[in-house]
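The file query.pdb contains PDB, C-alpha atoms:
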ATOM      1  CA  MET U 190     -76.639  63.987 -20.705  1.00  0.00           C
ATOM      2  CA  LYS U 191     -77.291  60.853 -18.633  1.00  0.00           C
ATOM      3  CA  THR U 192     -74.387  59.056 -20.313  1.00  0.00           C
ATOM      4  CA  ARG U 193     -72.027  61.965 -19.685  1.00  0.00           C
ATOM      5  CA  SER U 194     -73.141  62.110 -16.046  1.00  0.00           C
ATOM      6  CA  ARG U 195     -72.441  58.410 -15.553  1.00  0.00           C
ATOM      7  CA  VAL U 196     -68.954  58.774 -17.065  1.00  0.00           C
ATOM      8  CA  SER U 197     -68.214  61.717 -14.778  1.00  0.00           C
ATOM      9  CA  ILE U 198     -69.292  59.701 -11.739  1.00  0.00           C
ATOM     10  CA  VAL U 199     -66.996  56.821 -12.691  1.00  0.00           C
ATOM     11  CA  ARG U 200     -64.090  59.185 -13.237  1.00  0.00           C
ATOM     12  CA  PHE U 201     -64.724  60.890  -9.925  1.00  0.00           C
ATOM     13  CA  ARG U 202     -64.839  57.580  -8.059  1.00  0.00           C
ATOM     14  CA  TRP U 203     -61.416  56.644  -9.401  1.00  0.00           C
ATOM     15  CA  ALA U 204     -59.979  60.041  -8.502  1.00  0.00           C
ATOM     16  CA  ALA U 205     -61.430  59.863  -5.006  1.00  0.00           C
ATOM     17  CA  LEU U 206     -60.081  56.325  -4.577  1.00  0.00           C
ATOM     18  CA  VAL U 207     -56.556  57.357  -5.496  1.00  0.00           C
ATOM     19  CA  ALA U 208     -56.607  60.359  -3.186  1.00  0.00           C
ATOM     20  CA  PHE U 209     -57.888  58.096  -0.417  1.00  0.00           C
ATOM     21  CA  ALA U 210     -55.070  55.607  -1.073  1.00  0.00           C
ATOM     22  CA  LEU U 211     -52.433  58.299  -0.803  1.00  0.00           C
ATOM     23  CA  GLY U 212     -53.872  59.557   2.447  1.00  0.00           C
ATOM     24  CA  ALA U 213     -53.636  63.052   1.000  1.00  0.00           C
ATOM     25  CA  ALA U 214     -56.064  65.910   0.664  1.00  0.00           C
ATOM     26  CA  ALA U 215     -57.667  66.671  -2.672  1.00  0.00           C
ATOM     27  CA  GLY U 216     -54.875  69.132  -3.381  1.00  0.00           C
ATOM     28  CA  GLY U 217     -52.203  66.486  -2.804  1.00  0.00           C
ATOM     29  CA  CYS U 218     -50.465  64.300  -5.349  1.00  0.00           C
ATOM     30  CA  LEU U 219     -52.731  61.816  -7.154  1.00  0.00           C
ATOM     31  CA  ALA U 220     -51.733  58.373  -8.333  1.00  0.00           C
ATOM     32  CA  PHE U 221     -53.632  57.226 -11.395  1.00  0.00           C
ATOM     33  CA  SER U 222     -55.740  54.094 -11.476  1.00  0.00           C
ATOM     34  CA  ALA U 223     -55.175  51.307 -13.970  1.00  0.00           C
ATOM     35  CA  ALA U 224     -58.513  51.997 -15.618  1.00  0.00           C
ATOM     36  CA  ALA U 225     -57.738  55.688 -15.941  1.00  0.00           C
ATOM     37  CA  HIS U 226     -54.363  54.915 -17.442  1.00  0.00           C
ATOM     38  CA  ARG U 227     -55.799  52.510 -20.019  1.00  0.00           C
ATOM     39  CA  ARG U 228     -58.474  54.992 -21.072  1.00  0.00           C
ATOM     40  CA  GLY U 229     -55.959  57.748 -21.696  1.00  0.00           C
ATOM     41  CA  TRP U 230     -57.100  60.089 -18.938  1.00  0.00           C
ATOM     42  CA  ARG U 231     -53.535  61.171 -18.078  1.00  0.00           C
ATOM     43  CA  GLY U 232     -53.564  64.729 -16.790  1.00  0.00           C
ATOM     44  CA  ARG U 233     -57.373  64.882 -16.683  1.00  0.00           C
ATOM     45  CA  ILE U 234     -58.296  63.141 -13.424  1.00  0.00           C
ATOM     46  CA  SER U 235     -57.291  66.126 -11.318  1.00  0.00           C
ATOM     47  CA  ARG U 236     -59.631  68.344 -13.338  1.00  0.00           C
ATOM     48  CA  VAL U 237     -62.469  65.850 -12.930  1.00  0.00           C
ATOM     49  CA  PHE U 238     -61.774  65.778  -9.201  1.00  0.00           C
ATOM     50  CA  ARG U 239     -62.041  69.557  -8.997  1.00  0.00           C
ATOM     51  CA  ARG U 240     -65.312  69.568 -10.960  1.00  0.00           C
ATOM     52  CA  ALA U 241     -66.829  66.760  -8.906  1.00  0.00           C
ATOM     53  CA  PRO U 242     -68.800  67.261  -5.698  1.00  0.00           C
ATOM     54  CA  THR U 243     -66.750  67.867  -2.576  1.00  0.00           C
ATOM     55  CA  THR U 244     -68.001  64.673  -0.954  1.00  0.00           C
ATOM     56  CA  ALA U 245     -68.027  61.097  -2.258  1.00  0.00           C
ATOM     57  CA  ASP U 246     -70.032  58.092  -1.209  1.00  0.00           C
ATOM     58  CA  PRO U 247     -67.827  56.797   1.626  1.00  0.00           C
ATOM     59  CA  VAL U 248     -69.139  53.253   1.253  1.00  0.00           C
ATOM     60  CA  SER U 249     -68.327  52.933  -2.451  1.00  0.00           C
ATOM     61  CA  THR U 250     -64.973  54.658  -2.020  1.00  0.00           C
ATOM     62  CA  ALA U 251     -64.019  52.320   0.821  1.00  0.00           C
ATOM     63  CA  THR U 252     -65.225  49.307  -1.153  1.00  0.00           C
ATOM     64  CA  ASP U 253     -63.117  50.279  -4.152  1.00  0.00           C
ATOM     65  CA  PHE U 254     -60.068  50.846  -1.984  1.00  0.00           C
ATOM     66  CA  GLN U 255     -60.484  47.559  -0.139  1.00  0.00           C
ATOM     67  CA  SER U 256     -60.839  45.776  -3.475  1.00  0.00           C
ATOM     68  CA  LEU U 257     -57.562  47.350  -4.593  1.00  0.00           C
ATOM     69  CA  ILE U 258     -55.865  45.947  -1.505  1.00  0.00           C
ATOM     70  CA  ARG U 259     -57.385  42.486  -1.845  1.00  0.00           C
ATOM     71  CA  THR U 260     -56.517  42.114  -5.531  1.00  0.00           C
ATOM     72  CA  ARG U 261     -52.830  43.009  -5.183  1.00  0.00           C
ATOM     73  CA  ARG U 262     -50.598  40.000  -5.723  1.00  0.00           C
ATOM     74  CA  THR U 263     -46.911  39.169  -5.444  1.00  0.00           C
ATOM     75  CA  ILE U 264     -45.878  38.701  -9.069  1.00  0.00           C
ATOM     76  CA  ASN U 265     -43.283  36.086  -9.954  1.00  0.00           C
ATOM     77  CA  ASP U 266     -43.621  36.136 -13.738  1.00  0.00           C
ATOM     78  CA  PHE U 267     -43.268  39.422 -15.597  1.00  0.00           C
ATOM     79  CA  GLU U 268     -43.446  40.376 -19.240  1.00  0.00           C
ATOM     80  CA  PRO U 269     -39.897  41.003 -20.547  1.00  0.00           C
ATOM     81  CA  THR U 270     -40.273  44.754 -21.115  1.00  0.00           C
ATOM     82  CA  LEU U 271     -41.713  47.507 -18.975  1.00  0.00           C
ATOM     83  CA  PRO U 272     -45.080  48.945 -20.094  1.00  0.00           C
ATOM     84  CA  PRO U 273     -45.413  52.407 -21.635  1.00  0.00           C
ATOM     85  CA  GLY U 274     -45.560  55.156 -19.040  1.00  0.00           C
ATOM     86  CA  TRP U 275     -43.898  53.050 -16.336  1.00  0.00           C
ATOM     87  CA  ASP U 276     -41.464  55.824 -15.366  1.00  0.00           C
ATOM     88  CA  ASP U 277     -44.236  58.305 -14.584  1.00  0.00           C
ATOM     89  CA  ALA U 278     -46.210  55.590 -12.794  1.00  0.00           C
ATOM     90  CA  LEU U 279     -43.179  54.801 -10.647  1.00  0.00           C
ATOM     91  CA  THR U 280     -42.729  58.467  -9.771  1.00  0.00           C
ATOM     92  CA  ARG U 281     -46.360  58.648  -8.658  1.00  0.00           C
ATOM     93  CA  ALA U 282     -45.934  55.435  -6.674  1.00  0.00           C
ATOM     94  CA  ILE U 283     -42.890  56.791  -4.846  1.00  0.00           C
ATOM     95  CA  THR U 284     -44.853  59.948  -4.087  1.00  0.00           C
ATOM     96  CA  ALA U 285     -47.593  57.730  -2.629  1.00  0.00           C
ATOM     97  CA  ALA U 286     -44.951  55.844  -0.641  1.00  0.00           C
ATOM     98  CA  THR U 287     -43.821  59.023   1.087  1.00  0.00           C
ATOM     99  CA  TYR U 288     -47.319  59.490   2.534  1.00  0.00           C
ATOM    100  CA  ALA U 289     -46.820  56.432   4.758  1.00  0.00           C
ATOM    101  CA  PRO U 290     -47.260  56.777   8.536  1.00  0.00           C
ATOM    102  CA  ASN U 291     -44.067  58.191  10.008  1.00  0.00           C
ATOM    103  CA  HIS U 292     -44.301  58.747  13.761  1.00  0.00           C
ATOM    104  CA  LYS U 293     -41.077  60.734  14.166  1.00  0.00           C
ATOM    105  CA  ARG U 294     -41.451  62.547  10.829  1.00  0.00           C
ATOM    106  CA  THR U 295     -37.941  61.492   9.900  1.00  0.00           C
ATOM    107  CA  GLU U 296     -38.826  60.443   6.324  1.00  0.00           C
ATOM    108  CA  PRO U 297     -36.185  57.681   6.420  1.00  0.00           C
ATOM    109  CA  TRP U 298     -37.149  56.028   3.114  1.00  0.00           C
ATOM    110  CA  ARG U 299     -34.857  56.140   0.092  1.00  0.00           C
ATOM    111  CA  PHE U 300     -35.450  54.635  -3.362  1.00  0.00           C
ATOM    112  CA  HIS U 301     -32.789  53.514  -5.828  1.00  0.00           C
ATOM    113  CA  LEU U 302     -33.811  52.733  -9.411  1.00  0.00           C
ATOM    114  CA  LEU U 303     -31.187  50.359 -10.783  1.00  0.00           C
ATOM    115  CA  GLY U 304     -29.882  50.575 -14.339  1.00  0.00           C
ATOM    116  CA  PRO U 305     -28.650  47.653 -16.476  1.00  0.00           C
ATOM    117  CA  GLU U 306     -25.095  47.620 -15.098  1.00  0.00           C
ATOM    118  CA  ALA U 307     -26.183  47.720 -11.458  1.00  0.00           C
ATOM    119  CA  VAL U 308     -28.801  45.032 -12.127  1.00  0.00           C
ATOM    120  CA  ARG U 309     -26.180  42.740 -13.662  1.00  0.00           C
ATOM    121  CA  ARG U 310     -23.817  43.240 -10.716  1.00  0.00           C
ATOM    122  CA  VAL U 311     -26.568  42.347  -8.252  1.00  0.00           C
ATOM    123  CA  CYS U 312     -27.650  39.341 -10.312  1.00  0.00           C
ATOM    124  CA  GLU U 313     -24.078  38.058 -10.568  1.00  0.00           C
ATOM    125  CA  LEU U 314     -23.572  38.480  -6.830  1.00  0.00           C
ATOM    126  CA  ASN U 315     -26.761  36.543  -6.145  1.00  0.00           C
ATOM    127  CA  ALA U 316     -25.722  33.819  -8.597  1.00  0.00           C
ATOM    128  CA  GLU U 317     -22.404  33.540  -6.765  1.00  0.00           C
ATOM    129  CA  LEU U 318     -24.217  33.026  -3.456  1.00  0.00           C
ATOM    130  CA  VAL U 319     -26.512  30.408  -4.984  1.00  0.00           C
ATOM    131  CA  THR U 320     -23.558  28.622  -6.597  1.00  0.00           C
ATOM    132  CA  GLU U 321     -21.746  28.408  -3.268  1.00  0.00           C
ATOM    133  CA  LYS U 322     -24.794  26.830  -1.648  1.00  0.00           C
ATOM    134  CA  LYS U 323     -26.369  24.735  -4.414  1.00  0.00           C
ATOM    135  CA  GLY U 324     -23.809  24.338  -7.175  1.00  0.00           C
ATOM    136  CA  GLU U 325     -22.908  25.915 -10.504  1.00  0.00           C
ATOM    137  CA  ALA U 326     -25.978  24.762 -12.418  1.00  0.00           C
ATOM    138  CA  ALA U 327     -28.321  26.311  -9.850  1.00  0.00           C
ATOM    139  CA  GLY U 328     -26.326  29.535  -9.916  1.00  0.00           C
ATOM    140  CA  GLU U 329     -26.518  29.805 -13.698  1.00  0.00           C
ATOM    141  CA  LYS U 330     -30.237  29.115 -13.659  1.00  0.00           C
ATOM    142  CA  LYS U 331     -30.802  31.802 -11.037  1.00  0.00           C
ATOM    143  CA  LEU U 332     -28.705  34.314 -12.979  1.00  0.00           C
ATOM    144  CA  GLU U 333     -30.723  33.703 -16.132  1.00  0.00           C
ATOM    145  CA  ARG U 334     -34.011  34.160 -14.289  1.00  0.00           C
ATOM    146  CA  TRP U 335     -33.019  37.298 -12.408  1.00  0.00           C
ATOM    147  CA  LEU U 336     -31.704  39.021 -15.522  1.00  0.00           C
ATOM    148  CA  LYS U 337     -35.211  38.713 -16.987  1.00  0.00           C
ATOM    149  CA  MET U 338     -36.772  40.886 -14.287  1.00  0.00           C
ATOM    150  CA  PRO U 339     -37.821  44.114 -16.086  1.00  0.00           C
ATOM    151  CA  GLY U 340     -37.757  46.696 -13.275  1.00  0.00           C
ATOM    152  CA  TRP U 341     -35.537  46.987 -10.195  1.00  0.00           C
ATOM    153  CA  LEU U 342     -36.044  49.374  -7.282  1.00  0.00           C
ATOM    154  CA  VAL U 343     -34.045  49.018  -4.060  1.00  0.00           C
ATOM    155  CA  VAL U 344     -35.772  50.487  -0.997  1.00  0.00           C
ATOM    156  CA  THR U 345     -33.520  51.511   1.879  1.00  0.00           C
ATOM    157  CA  CYS U 346     -33.682  53.159   5.297  1.00  0.00           C
ATOM    158  CA  VAL U 347     -31.261  55.837   6.463  1.00  0.00           C
ATOM    159  CA  ARG U 348     -29.126  54.702   9.392  1.00  0.00           C
ATOM    160  CA  ASP U 349     -29.183  56.277  12.853  1.00  0.00           C
ATOM    161  CA  GLY U 350     -26.785  59.155  13.379  1.00  0.00           C
ATOM    162  CA  ASP U 351     -27.774  60.747  10.094  1.00  0.00           C
ATOM    163  CA  GLU U 352     -30.620  63.107   9.390  1.00  0.00           C
ATOM    164  CA  GLY U 353     -33.862  61.151   9.455  1.00  0.00           C
ATOM    165  CA  GLY U 354     -31.957  57.979  10.247  1.00  0.00           C
ATOM    166  CA  ALA U 355     -32.342  54.627  11.915  1.00  0.00           C
ATOM    167  CA  THR U 356     -29.858  51.958  12.838  1.00  0.00           C
ATOM    168  CA  SER U 357     -29.729  48.679  10.953  1.00  0.00           C
ATOM    169  CA  SER U 358     -30.360  46.818  14.232  1.00  0.00           C
ATOM    170  CA  MET U 359     -33.667  46.894  16.087  1.00  0.00           C
ATOM    171  CA  ASP U 360     -32.583  44.799  19.061  1.00  0.00           C
ATOM    172  CA  GLY U 361     -32.449  47.764  21.409  1.00  0.00           C
ATOM    173  CA  ASN U 362     -35.267  50.033  22.542  1.00  0.00           C
ATOM    174  CA  PRO U 363     -38.552  48.657  21.082  1.00  0.00           C
ATOM    175  CA  ALA U 364     -39.937  52.202  21.026  1.00  0.00           C
ATOM    176  CA  GLY U 365     -36.717  53.645  19.630  1.00  0.00           C
ATOM    177  CA  LEU U 366     -36.035  55.361  16.343  1.00  0.00           C
ATOM    178  CA  ALA U 367     -34.688  52.235  14.635  1.00  0.00           C
ATOM    179  CA  ARG U 368     -37.928  50.280  14.857  1.00  0.00           C
ATOM    180  CA  GLU U 369     -40.088  53.338  14.179  1.00  0.00           C
ATOM    181  CA  ASN U 370     -38.240  54.111  10.973  1.00  0.00           C
ATOM    182  CA  TYR U 371     -38.055  50.553   9.712  1.00  0.00           C
ATOM    183  CA  ALA U 372     -41.813  50.245  10.240  1.00  0.00           C
ATOM    184  CA  ALA U 373     -42.349  53.511   8.358  1.00  0.00           C
ATOM    185  CA  VAL U 374     -40.326  52.276   5.384  1.00  0.00           C
ATOM    186  CA  CYS U 375     -42.299  49.011   5.329  1.00  0.00           C
ATOM    187  CA  CYS U 376     -45.519  51.034   5.220  1.00  0.00           C
ATOM    188  CA  ALA U 377     -44.019  53.054   2.367  1.00  0.00           C
ATOM    189  CA  VAL U 378     -43.360  49.846   0.442  1.00  0.00           C
ATOM    190  CA  GLN U 379     -47.012  48.838   0.788  1.00  0.00           C
ATOM    191  CA  ASN U 380     -48.141  52.231  -0.497  1.00  0.00           C
ATOM    192  CA  LEU U 381     -45.778  51.871  -3.447  1.00  0.00           C
ATOM    193  CA  CYS U 382     -47.062  48.393  -4.299  1.00  0.00           C
ATOM    194  CA  LEU U 383     -50.697  49.494  -4.144  1.00  0.00           C
ATOM    195  CA  SER U 384     -50.077  52.555  -6.290  1.00  0.00           C
ATOM    196  CA  LEU U 385     -48.358  50.513  -8.998  1.00  0.00           C
ATOM    197  CA  HIS U 386     -51.077  47.866  -8.772  1.00  0.00           C
ATOM    198  CA  ALA U 387     -53.699  50.583  -9.357  1.00  0.00           C
ATOM    199  CA  GLU U 388     -51.901  51.409 -12.611  1.00  0.00           C
ATOM    200  CA  GLY U 389     -51.703  47.823 -13.792  1.00  0.00           C
ATOM    201  CA  ILE U 390     -48.072  47.271 -12.775  1.00  0.00           C
ATOM    202  CA  GLY U 391     -47.200  44.245 -10.672  1.00  0.00           C
ATOM    203  CA  THR U 392     -44.535  44.022  -7.977  1.00  0.00           C
ATOM    204  CA  LYS U 393     -42.560  41.578  -5.900  1.00  0.00           C
ATOM    205  CA  TRP U 394     -40.902  42.640  -2.650  1.00  0.00           C
ATOM    206  CA  THR U 395     -37.775  40.494  -2.342  1.00  0.00           C
ATOM    207  CA  THR U 396     -35.768  40.076   0.858  1.00  0.00           C
ATOM    208  CA  GLY U 397     -33.445  37.235  -0.090  1.00  0.00           C
ATOM    209  CA  PRO U 398     -29.926  36.818   1.343  1.00  0.00           C
ATOM    210  CA  VAL U 399     -28.264  38.849  -1.402  1.00  0.00           C
ATOM    211  CA  ASN U 400     -29.989  42.009  -0.107  1.00  0.00           C
ATOM    212  CA  PHE U 401     -28.051  41.735   3.150  1.00  0.00           C
ATOM    213  CA  ASP U 402     -24.735  40.526   1.812  1.00  0.00           C
ATOM    214  CA  PRO U 403     -21.950  43.036   2.693  1.00  0.00           C
ATOM    215  CA  ARG U 404     -21.194  43.391  -1.024  1.00  0.00           C
ATOM    216  CA  PHE U 405     -24.749  44.259  -2.046  1.00  0.00           C
ATOM    217  CA  GLY U 406     -24.412  47.977  -1.335  1.00  0.00           C
ATOM    218  CA  GLU U 407     -21.410  48.318  -3.609  1.00  0.00           C
ATOM    219  CA  ALA U 408     -23.014  46.200  -6.331  1.00  0.00           C
ATOM    220  CA  ALA U 409     -26.193  48.307  -6.302  1.00  0.00           C
ATOM    221  CA  GLY U 410     -24.378  51.611  -5.757  1.00  0.00           C
ATOM    222  CA  LEU U 411     -25.957  52.448  -2.398  1.00  0.00           C
ATOM    223  CA  PRO U 412     -24.678  55.059   0.072  1.00  0.00           C
ATOM    224  CA  GLU U 413     -23.005  53.682   3.188  1.00  0.00           C
ATOM    225  CA  ASN U 414     -25.448  55.463   5.503  1.00  0.00           C
ATOM    226  CA  GLU U 415     -28.423  53.377   4.301  1.00  0.00           C
ATOM    227  CA  PHE U 416     -29.436  49.770   4.868  1.00  0.00           C
ATOM    228  CA  VAL U 417     -31.638  47.646   2.621  1.00  0.00           C
ATOM    229  CA  VAL U 418     -35.289  47.020   3.442  1.00  0.00           C
ATOM    230  CA  GLY U 419     -35.906  45.117   0.232  1.00  0.00           C
ATOM    231  CA  THR U 420     -35.593  45.023  -3.536  1.00  0.00           C
ATOM    232  CA  MET U 421     -38.734  45.586  -5.572  1.00  0.00           C
ATOM    233  CA  TRP U 422     -39.174  43.889  -8.922  1.00  0.00           C
ATOM    234  CA  PHE U 423     -41.849  45.575 -10.992  1.00  0.00           C
ATOM    235  CA  GLY U 424     -43.419  45.358 -14.433  1.00  0.00           C
ATOM    236  CA  LYS U 425     -46.411  44.069 -16.337  1.00  0.00           C
ATOM    237  CA  ALA U 426     -47.512  40.749 -14.903  1.00  0.00           C
ATOM    238  CA  GLY U 427     -47.032  37.830 -17.264  1.00  0.00           C
ATOM    239  CA  LYS U 428     -49.210  35.741 -14.985  1.00  0.00           C
ATOM    240  CA  THR U 429     -51.261  36.819 -11.994  1.00  0.00           C
ATOM    241  CA  PRO U 430     -51.541  34.186  -9.270  1.00  0.00           C
ATOM    242  CA  GLU U 431     -54.798  33.327  -7.543  1.00  0.00           C
ATOM    243  CA  ALA U 432     -55.514  34.823  -4.152  1.00  0.00           C
ATOM    244  CA  PRO U 433     -53.715  32.842  -1.442  1.00  0.00           C
ATOM    245  CA  LYS U 434     -55.940  30.887   0.876  1.00  0.00           C
ATOM    246  CA  LYS U 435     -56.023  32.486   4.293  1.00  0.00           C
ATOM    247  CA  ARG U 436     -55.015  30.131   7.071  1.00  0.00           C
ATOM    248  CA  LEU U 437     -56.651  32.236   9.768  1.00  0.00           C
ATOM    249  CA  SER U 438     -60.137  33.714   9.933  1.00  0.00           C
ATOM    250  CA  ILE U 439     -61.071  37.143  11.266  1.00  0.00           C
ATOM    251  CA  GLU U 440     -62.131  35.405  14.479  1.00  0.00           C
ATOM    252  CA  ASP U 441     -58.618  33.953  14.776  1.00  0.00           C
ATOM    253  CA  VAL U 442     -56.851  37.300  14.506  1.00  0.00           C
ATOM    254  CA  LEU U 443     -59.326  39.700  16.126  1.00  0.00           C
ATOM    255  CA  THR U 444     -59.777  39.697  19.892  1.00  0.00           C
ATOM    256  CA  ARG U 445     -62.392  41.979  21.357  1.00  0.00           C
ATOM    257  CA  HIS U 446     -61.575  43.169  24.862  1.00  0.00           C
ATOM    258  CA  ASP U 447     -63.902  44.629  27.487  1.00  0.00           C
TER     259      ASP U 447
END
Once more with this new file: its structure as structure tokens, please.
Amino acid sequence: MKTRSRVSIVRFRWAALVAFALGAAAGGCLAFSAAAHRRGWRGRISRVFRRAPTTADPVSTATDFQSLIRTRRTINDFEPTLPPGWDDALTRAITAATYAPNHKRTEPWRFHLLGPEAVRRVCELNAELVTEKKGEAAGEKKLERWLKMPGWLVVTCVRDGDEGGATSSMDGNPAGLARENYAAVCCAVQNLCLSLHAEGIGTKWTTGPVNFDPRFGEAAGLPENEFVVGTMWFGKAGKTPEAPKKRLSIEDVLTRHD
């Protein structure tokens, strides 16, 4: 009985952590943790959550969540194929993304999962840009590397003038819809990265020049009323980098005012 109780507590802590990460109530959508996924608990965490007490230890839940944030890394080297269950994990991650703060409630985020043909068009466009700047050899090397990326998700923001939209320029009103919506989409990207990280899937948020080339939208197959916030590479990490050394301390970034 003691062993079963300990297992239930561990399961509950993971379920509570995921609900906390989504910013949703217990009845909301749950993203699965990496540990839960590896142990084959698919479809069972929600039942554990319902059986568990209505309150969790806020300290342990916060500690687990903060650890999830601190251990996320930008992944540069991926395994060549996507892991089993990646499609469902991505769907849960996009659900988590849509729980991002959104002041105007415009829900401006859009997500485009690229297939092999779209990926090749984007990679060839990027190789062309690299070739123009650095030469043919550099372009070929970049093309070879980019084609090895296992998962591609383009995150966009709807332009102003359309339902839930924002303009591609934020040079105007600093409190206007454009900046509000771009900020909301950036928050959505962070939610997405954390959700995938919780399931053992690494990500890299890329914002290189190709994303903003006038031909990118056509290459990726994007609607004209959306602009690119970034392209997400995702998959099983081939190598996880060490935590970057922080240049600034908490004292450097936190100012306490009277």
Could you expand the PyMOL selection byres ((chain U and resi 319) around 10) into the explicit residues it covers here, written as a VMD selection string?
chain U and resid 313 to 318 320 to 332 398 to 399
Given the file shown, determine the residues that the PyMOL selection byres ((chain U and resi 276) around 12) selects; report them as a list in words.
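Those residues are Leu271, Pro272, Pro273, Gly274, Trp275, Asp277, Ala278, Leu279, Thr280, Arg281, Ala282, Ile283, Leu302, Gly340, Trp341, Leu342, Leu385, Glu388, Ile390, Phe423 and Gly424 of chain U.
Proximity of U:Arg368, U:Arg445, U:Arg262, U:Lys428 to Asn291 of chain U, computed with all atoms listed in the file, is greatest for U:Arg368.
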Let me know the residues the PyMOL selection byres ((chain U and resi 403) around 12) catches in the file above, as a list in words.
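Selected by the PyMOL selection byres ((chain U and resi 403) around 12) here: Val311, Leu314, Asn315, Leu318, Pro398, Val399, Asn400, Phe401, Asp402, Arg404, Phe405, Gly406, Glu407, Ala408, Ala409, Leu411, Glu413, Phe416 and Val417 of chain U.
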Write to file, as a compact mmCIF listing (two decimals), in the frame of the given file, the residues of the selection just made, with C-alpha atoms.
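The file below, part_9.txt, is the result:
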# COMPACT_ATOMS: atom_id res chain seq x y z
CA VAL U 311 -26.57 42.35 -8.25
CA LEU U 314 -23.57 38.48 -6.83
CA ASN U 315 -26.76 36.54 -6.14
CA LEU U 318 -24.22 33.03 -3.46
CA PRO U 398 -29.93 36.82 1.34
CA VAL U 399 -28.26 38.85 -1.40
CA ASN U 400 -29.99 42.01 -0.11
CA PHE U 401 -28.05 41.74 3.15
CA ASP U 402 -24.74 40.53 1.81
CA ARG U 404 -21.19 43.39 -1.02
CA PHE U 405 -24.75 44.26 -2.05
CA GLY U 406 -24.41 47.98 -1.34
CA GLU U 407 -21.41 48.32 -3.61
CA ALA U 408 -23.01 46.20 -6.33
CA ALA U 409 -26.19 48.31 -6.30
CA LEU U 411 -25.96 52.45 -2.40
CA GLU U 413 -23.00 53.68 3.19
CA PHE U 416 -29.44 49.77 4.87
CA VAL U 417 -31.64 47.65 2.62
Please list as a ChimeraX atom specification every residue within 10 Å of Ala432 of chain U, counting all atoms listed in the file and excluding residues in the same chain fewer than 5 positions away.
/U:259-263
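Coordinates place atom CA of Gly361 of chain U at a distance of 22.8 Å from atom CA of Val344 of chain U.
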Smallest atom-to-atom distance to Pro339 of chain U: which of U:Thr287, U:Asn414, U:Thr270, U:Asn265, using only C-alpha atoms?
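Checking each candidate against Pro339 of chain U, we get U:Thr270 as the closest.
Using only C-alpha atoms, the smallest distance between any of U:Ala377, U:Ala364, U:Ala426, U:Ile439 and Met338 of chain U comes from U:Ala426.
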What gap, in Å, lies between atom CA of Ser438 of chain U and atom CA of Leu383 of chain U?
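Atom CA of Leu383 of chain U lies at a distance of 23.2 Å from atom CA of Ser438 of chain U.
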Could you tell me, as a PyMOL selection string, which residues have any atom at most 7 Å from (-45.0, 37.6, -14.3), counting only C-alpha atoms?
chain U and resi 264-268+425-429
What does the structure give for the distance between atom CA of Glu415 of chain U and atom CA of Arg299 of chain U, in Å to one decimal?
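Separation of atom CA of Glu415 of chain U and atom CA of Arg299 of chain U: 8.2 Å.
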